[in-house]
file work24.cif (mmCIF, N, CA and C atoms)
data_upload
loop_
_atom_site.label_atom_id
_atom_site.label_comp_id
_atom_site.auth_asym_id
_atom_site.auth_seq_id
_atom_site.Cartn_x
_atom_site.Cartn_y
_atom_site.Cartn_z
N MET A 44 1.99 -9.25 3.38
CA MET A 44 0.84 -9.72 2.62
C MET A 44 -0.48 -9.26 3.24
N GLU A 45 -0.47 -9.00 4.53
CA GLU A 45 -1.68 -8.51 5.20
C GLU A 45 -2.14 -7.18 4.60
N LEU A 46 -1.17 -6.34 4.30
CA LEU A 46 -1.48 -5.02 3.75
C LEU A 46 -2.10 -5.15 2.36
N ILE A 47 -1.55 -6.04 1.55
CA ILE A 47 -2.09 -6.26 0.21
C ILE A 47 -3.52 -6.79 0.30
N LYS A 48 -3.75 -7.67 1.25
CA LYS A 48 -5.10 -8.22 1.45
C LYS A 48 -6.07 -7.10 1.88
N ALA A 49 -5.62 -6.24 2.76
CA ALA A 49 -6.45 -5.11 3.21
C ALA A 49 -6.76 -4.17 2.05
N ILE A 50 -5.77 -3.94 1.20
CA ILE A 50 -5.98 -3.08 0.03
C ILE A 50 -7.04 -3.68 -0.87
N GLU A 51 -6.91 -4.96 -1.16
CA GLU A 51 -7.86 -5.62 -2.05
C GLU A 51 -9.28 -5.64 -1.46
N GLN A 52 -9.39 -5.92 -0.17
CA GLN A 52 -10.71 -5.94 0.48
C GLN A 52 -11.35 -4.56 0.48
N THR A 53 -10.58 -3.54 0.78
CA THR A 53 -11.10 -2.17 0.79
C THR A 53 -11.49 -1.73 -0.62
N ARG A 54 -10.67 -2.10 -1.59
CA ARG A 54 -10.98 -1.79 -2.98
C ARG A 54 -12.29 -2.42 -3.41
N GLN A 55 -12.47 -3.69 -3.06
CA GLN A 55 -13.69 -4.39 -3.43
C GLN A 55 -14.91 -3.78 -2.73
N ALA A 56 -14.76 -3.45 -1.45
CA ALA A 56 -15.85 -2.81 -0.71
C ALA A 56 -16.22 -1.47 -1.33
N MET A 57 -15.22 -0.72 -1.77
CA MET A 57 -15.48 0.57 -2.40
C MET A 57 -16.23 0.39 -3.72
N ILE A 58 -15.82 -0.57 -4.51
CA ILE A 58 -16.50 -0.84 -5.79
C ILE A 58 -17.96 -1.20 -5.56
N GLU A 59 -18.21 -2.06 -4.58
CA GLU A 59 -19.58 -2.45 -4.26
C GLU A 59 -20.39 -1.25 -3.78
N CYS A 60 -19.75 -0.40 -2.99
CA CYS A 60 -20.42 0.79 -2.47
C CYS A 60 -20.74 1.76 -3.61
N ILE A 61 -19.84 1.89 -4.56
CA ILE A 61 -20.08 2.76 -5.72
C ILE A 61 -21.32 2.29 -6.47
N HIS A 62 -21.43 0.97 -6.66
CA HIS A 62 -22.57 0.42 -7.40
C HIS A 62 -23.89 0.58 -6.65
N SER A 63 -23.83 0.47 -5.33
CA SER A 63 -25.08 0.54 -4.56
C SER A 63 -25.44 1.95 -4.11
N ARG A 64 -24.44 2.81 -3.88
CA ARG A 64 -24.71 4.14 -3.30
C ARG A 64 -24.29 5.30 -4.20
N GLY A 65 -23.37 5.03 -5.12
CA GLY A 65 -22.90 6.10 -6.00
C GLY A 65 -21.53 6.61 -5.62
N LEU A 66 -20.96 7.40 -6.52
CA LEU A 66 -19.59 7.91 -6.34
C LEU A 66 -19.46 8.96 -5.25
N THR A 67 -20.53 9.72 -5.00
CA THR A 67 -20.42 10.84 -4.06
C THR A 67 -20.97 10.54 -2.67
N ASP A 68 -21.40 9.30 -2.45
CA ASP A 68 -21.92 8.92 -1.13
C ASP A 68 -20.79 8.98 -0.10
N GLU A 69 -21.12 9.38 1.11
CA GLU A 69 -20.12 9.54 2.17
C GLU A 69 -19.38 8.24 2.46
N LYS A 70 -20.09 7.12 2.45
CA LYS A 70 -19.43 5.83 2.71
C LYS A 70 -18.43 5.50 1.60
N THR A 71 -18.78 5.78 0.36
CA THR A 71 -17.87 5.56 -0.77
C THR A 71 -16.62 6.42 -0.61
N LEU A 72 -16.82 7.67 -0.24
CA LEU A 72 -15.69 8.58 -0.06
C LEU A 72 -14.80 8.14 1.10
N LYS A 73 -15.41 7.65 2.16
CA LYS A 73 -14.65 7.14 3.32
C LYS A 73 -13.79 5.95 2.90
N LEU A 74 -14.39 5.03 2.15
CA LEU A 74 -13.64 3.86 1.68
C LEU A 74 -12.51 4.28 0.74
N SER A 75 -12.77 5.29 -0.08
CA SER A 75 -11.74 5.79 -0.99
C SER A 75 -10.56 6.36 -0.22
N ARG A 76 -10.85 7.11 0.84
CA ARG A 76 -9.77 7.67 1.67
C ARG A 76 -8.99 6.56 2.37
N GLU A 77 -9.70 5.55 2.86
CA GLU A 77 -9.04 4.40 3.51
C GLU A 77 -8.13 3.69 2.52
N LEU A 78 -8.63 3.51 1.30
CA LEU A 78 -7.84 2.85 0.26
C LEU A 78 -6.60 3.67 -0.07
N ASP A 79 -6.76 4.96 -0.19
CA ASP A 79 -5.61 5.84 -0.44
C ASP A 79 -4.55 5.68 0.65
N THR A 80 -4.99 5.66 1.89
CA THR A 80 -4.07 5.53 3.02
C THR A 80 -3.32 4.20 2.96
N LEU A 81 -4.04 3.13 2.68
CA LEU A 81 -3.41 1.81 2.59
C LEU A 81 -2.41 1.74 1.44
N ILE A 82 -2.74 2.34 0.31
CA ILE A 82 -1.84 2.32 -0.84
C ILE A 82 -0.57 3.12 -0.54
N VAL A 83 -0.73 4.27 0.09
CA VAL A 83 0.45 5.09 0.45
C VAL A 83 1.32 4.31 1.43
N GLU A 84 0.72 3.67 2.41
CA GLU A 84 1.48 2.86 3.37
C GLU A 84 2.25 1.75 2.65
N SER A 85 1.61 1.11 1.71
CA SER A 85 2.26 0.05 0.93
C SER A 85 3.44 0.60 0.14
N GLN A 86 3.25 1.74 -0.48
CA GLN A 86 4.33 2.35 -1.26
C GLN A 86 5.50 2.76 -0.37
N LEU A 87 5.21 3.29 0.82
CA LEU A 87 6.27 3.68 1.75
C LEU A 87 7.05 2.46 2.22
N LEU A 88 6.36 1.38 2.52
CA LEU A 88 7.04 0.16 2.94
C LEU A 88 7.91 -0.39 1.82
N LYS A 89 7.41 -0.36 0.61
CA LYS A 89 8.18 -0.84 -0.54
C LYS A 89 9.44 0.01 -0.72
N SER A 90 9.28 1.32 -0.60
CA SER A 90 10.41 2.23 -0.74
C SER A 90 11.45 1.97 0.35
N LEU A 91 10.99 1.78 1.57
CA LEU A 91 11.89 1.51 2.68
C LEU A 91 12.65 0.21 2.46
N LYS A 92 11.96 -0.82 2.01
CA LYS A 92 12.61 -2.10 1.75
C LYS A 92 13.66 -1.97 0.65
N MET A 93 13.35 -1.19 -0.37
CA MET A 93 14.31 -0.99 -1.46
C MET A 93 15.55 -0.25 -0.96
N LYS A 94 15.37 0.74 -0.09
CA LYS A 94 16.50 1.47 0.47
C LYS A 94 17.34 0.56 1.35
N GLN A 95 16.68 -0.29 2.15
CA GLN A 95 17.41 -1.22 3.01
C GLN A 95 18.22 -2.20 2.16
N PHE A 96 17.62 -2.67 1.07
CA PHE A 96 18.31 -3.59 0.18
C PHE A 96 19.53 -2.92 -0.44
N ALA A 97 19.36 -1.69 -0.90
CA ALA A 97 20.48 -0.95 -1.51
C ALA A 97 21.59 -0.72 -0.50
N ASN A 98 21.23 -0.39 0.74
CA ASN A 98 22.23 -0.18 1.79
C ASN A 98 22.98 -1.47 2.09
N LYS A 99 22.26 -2.58 2.16
CA LYS A 99 22.87 -3.87 2.43
C LYS A 99 23.81 -4.27 1.30
N ARG A 100 23.36 -4.03 0.08
CA ARG A 100 24.17 -4.35 -1.10
C ARG A 100 25.46 -3.52 -1.10
N GLU A 101 25.33 -2.26 -0.75
CA GLU A 101 26.50 -1.38 -0.68
C GLU A 101 27.45 -1.85 0.42
N GLU A 102 26.90 -2.25 1.55
CA GLU A 102 27.70 -2.74 2.66
C GLU A 102 28.49 -3.99 2.25
N ILE A 103 27.83 -4.89 1.55
CA ILE A 103 28.50 -6.12 1.09
C ILE A 103 29.58 -5.77 0.07
N ALA A 104 29.29 -4.86 -0.82
CA ALA A 104 30.28 -4.45 -1.83
C ALA A 104 31.49 -3.82 -1.16
N ASN A 105 31.27 -3.02 -0.14
CA ASN A 105 32.38 -2.37 0.57
C ASN A 105 33.23 -3.40 1.30
N LYS A 106 32.60 -4.42 1.89
CA LYS A 106 33.36 -5.46 2.61
C LYS A 106 34.18 -6.30 1.64
N SER A 107 33.62 -6.61 0.50
CA SER A 107 34.33 -7.44 -0.46
C SER A 107 35.46 -6.67 -1.15
N GLY A 108 35.37 -5.35 -1.13
CA GLY A 108 36.39 -4.51 -1.75
C GLY A 108 37.60 -4.30 -0.86
N LYS A 109 37.49 -4.65 0.40
CA LYS A 109 38.58 -4.44 1.36
C LYS A 109 39.55 -5.59 1.37
#
call {"tool": "encode", "arguments": {"input": "work24.cif", "output": "structure tokens"}}
result
Amino acid sequence: MELIKAIEQTRQAMIECIHSRGLTDEKTLKLSRELDTLIVESQLLKSLKMKQFANKREEIANKSGK
């Protein structure tokens, strides 16, 4: 949940920066890059959790099949 909170806070900061400084301001671009990084990290964690779940499910299915 910490990551989701960081994504939302960075997103909000970027929106505020866009309104006050514009789309091409260096601070806006920096926040955009930070947001991209956080989103990619979130997607990687989600993917990893899904793979772990699938592996665990397969392991349980194999044990019950024996």
call {"tool": "atom_distance", "arguments": {"input": "work24.cif", "atom1": "atom CA of Ile50 of chain A", "atom2": "atom CA of Phe96 of chain A"}}
result
24.3 Å
call {"tool": "atom_distance", "arguments": {"input": "work24.cif", "atom1": "atom CA of Ile103 of chain A", "atom2": "atom C of Val83 of chain A"}}
result
29.1 Å
call {"tool": "closest_residue", "arguments": {"input": "work24.cif", "among": "A:Lys94, A:Ala104, A:Lys99, A:Asp79", "to": "Ala49 of chain A", "atoms": "only C-alpha atoms"}}
result
A:Asp79
call {"tool": "residues_around", "arguments": {"input": "work24.cif", "residues": "Leu81 of chain A", "least_positions_apart": "5", "cutoff": "8 Å", "atoms": "all atoms listed in the file", "output": "count of residues only"}}
result
8
call {"tool": "closest_residue", "arguments": {"input": "work24.cif", "among": "A:Glu77, A:Arg100, A:Ser107, A:Gln95", "to": "Thr53 of chain A", "atoms": "all atoms listed in the file"}}
result
A:Glu77
call {"tool": "atom_distance", "arguments": {"input": "work24.cif", "atom1": "atom N of His62 of chain A", "atom2": "atom CA of Ser85 of chain A"}}
result
24.9 Å
call {"tool": "axis_aligned_box", "arguments": {"input": "work24.cif", "around": "segment 71-78 of chain A", "padding_each_side": "3 Å", "output": "JSON"}}
result
{"center_x": -12.7, "center_y": 5.7, "center_z": 1.3, "size_x": 18.2, "size_y": 11.7, "size_z": 10.5}
call {"tool": "residues_around", "arguments": {"input": "work24.cif", "residues": "Glu51 of chain A", "least_positions_apart": "6", "cutoff": "10 Å", "atoms": "only C-alpha atoms", "output": "VMD selection string"}}
result
chain A and resid 45 57 78 81
call {"tool": "residues_around", "arguments": {"input": "work24.cif", "residues": "segment 71-74 of chain A", "least_positions_apart": "5", "cutoff": "8 Å", "atoms": "only C-alpha atoms", "output": "list in words"}}
result
Thr53, Arg54, Ala56, Met57, Cys60, Ile61, Arg64, Gly65 and Leu66 of chain A
call {"tool": "decode", "arguments": {"input": "work24.cif", "residues": "segment 90-107 of chain A", "atoms": "N, CA, C and O atoms", "output": "compact mmCIF listing (two decimals), in the first residue's frame"}}
result
# COMPACT_ATOMS: atom_id res chain seq x y z
N SER A 90 3.04 -8.34 -11.17
CA SER A 90 3.37 -9.47 -12.04
C SER A 90 4.05 -10.58 -11.24
O SER A 90 3.74 -11.76 -11.40
N LEU A 91 4.97 -10.20 -10.38
CA LEU A 91 5.68 -11.18 -9.55
C LEU A 91 4.71 -11.90 -8.63
O LEU A 91 4.76 -13.13 -8.49
N LYS A 92 3.80 -11.17 -8.01
CA LYS A 92 2.82 -11.78 -7.12
C LYS A 92 1.92 -12.75 -7.87
O LYS A 92 1.58 -13.82 -7.37
N MET A 93 1.54 -12.39 -9.09
CA MET A 93 0.69 -13.27 -9.90
C MET A 93 1.45 -14.55 -10.26
O MET A 93 0.87 -15.64 -10.23
N LYS A 94 2.73 -14.44 -10.58
CA LYS A 94 3.54 -15.62 -10.90
C LYS A 94 3.69 -16.51 -9.68
O LYS A 94 3.60 -17.74 -9.77
N GLN A 95 3.91 -15.89 -8.51
CA GLN A 95 4.04 -16.67 -7.28
C GLN A 95 2.74 -17.40 -6.97
O GLN A 95 2.75 -18.56 -6.55
N PHE A 96 1.62 -16.72 -7.18
CA PHE A 96 0.32 -17.33 -6.95
C PHE A 96 0.11 -18.52 -7.88
O PHE A 96 -0.34 -19.59 -7.47
N ALA A 97 0.44 -18.33 -9.15
CA ALA A 97 0.28 -19.41 -10.13
C ALA A 97 1.17 -20.60 -9.78
O ALA A 97 0.74 -21.76 -9.88
N ASN A 98 2.40 -20.33 -9.35
CA ASN A 98 3.31 -21.40 -8.96
C ASN A 98 2.78 -22.15 -7.75
O ASN A 98 2.84 -23.38 -7.69
N LYS A 99 2.26 -21.42 -6.78
CA LYS A 99 1.72 -22.04 -5.57
C LYS A 99 0.50 -22.89 -5.91
O LYS A 99 0.33 -24.00 -5.41
N ARG A 100 -0.33 -22.36 -6.78
CA ARG A 100 -1.54 -23.08 -7.21
C ARG A 100 -1.16 -24.38 -7.92
O ARG A 100 -1.75 -25.43 -7.69
N GLU A 101 -0.15 -24.29 -8.77
CA GLU A 101 0.33 -25.48 -9.48
C GLU A 101 0.90 -26.49 -8.51
O GLU A 101 0.67 -27.69 -8.63
N GLU A 102 1.64 -26.02 -7.52
CA GLU A 102 2.23 -26.89 -6.51
C GLU A 102 1.14 -27.63 -5.74
O GLU A 102 1.24 -28.83 -5.51
N ILE A 103 0.10 -26.92 -5.37
CA ILE A 103 -1.01 -27.53 -4.63
C ILE A 103 -1.73 -28.55 -5.52
O ILE A 103 -2.08 -29.65 -5.06
N ALA A 104 -1.93 -28.20 -6.77
CA ALA A 104 -2.60 -29.12 -7.71
C ALA A 104 -1.77 -30.39 -7.89
O ALA A 104 -2.32 -31.50 -7.95
N ASN A 105 -0.46 -30.25 -7.96
CA ASN A 105 0.42 -31.41 -8.13
C ASN A 105 0.38 -32.30 -6.89
O ASN A 105 0.41 -33.52 -7.01
N LYS A 106 0.33 -31.70 -5.70
CA LYS A 106 0.29 -32.49 -4.45
C LYS A 106 -1.03 -33.23 -4.34
O LYS A 106 -1.07 -34.37 -3.88
N SER A 107 -2.11 -32.59 -4.71
CA SER A 107 -3.42 -33.23 -4.58
C SER A 107 -3.63 -34.31 -5.65
O SER A 107 -4.45 -35.19 -5.49
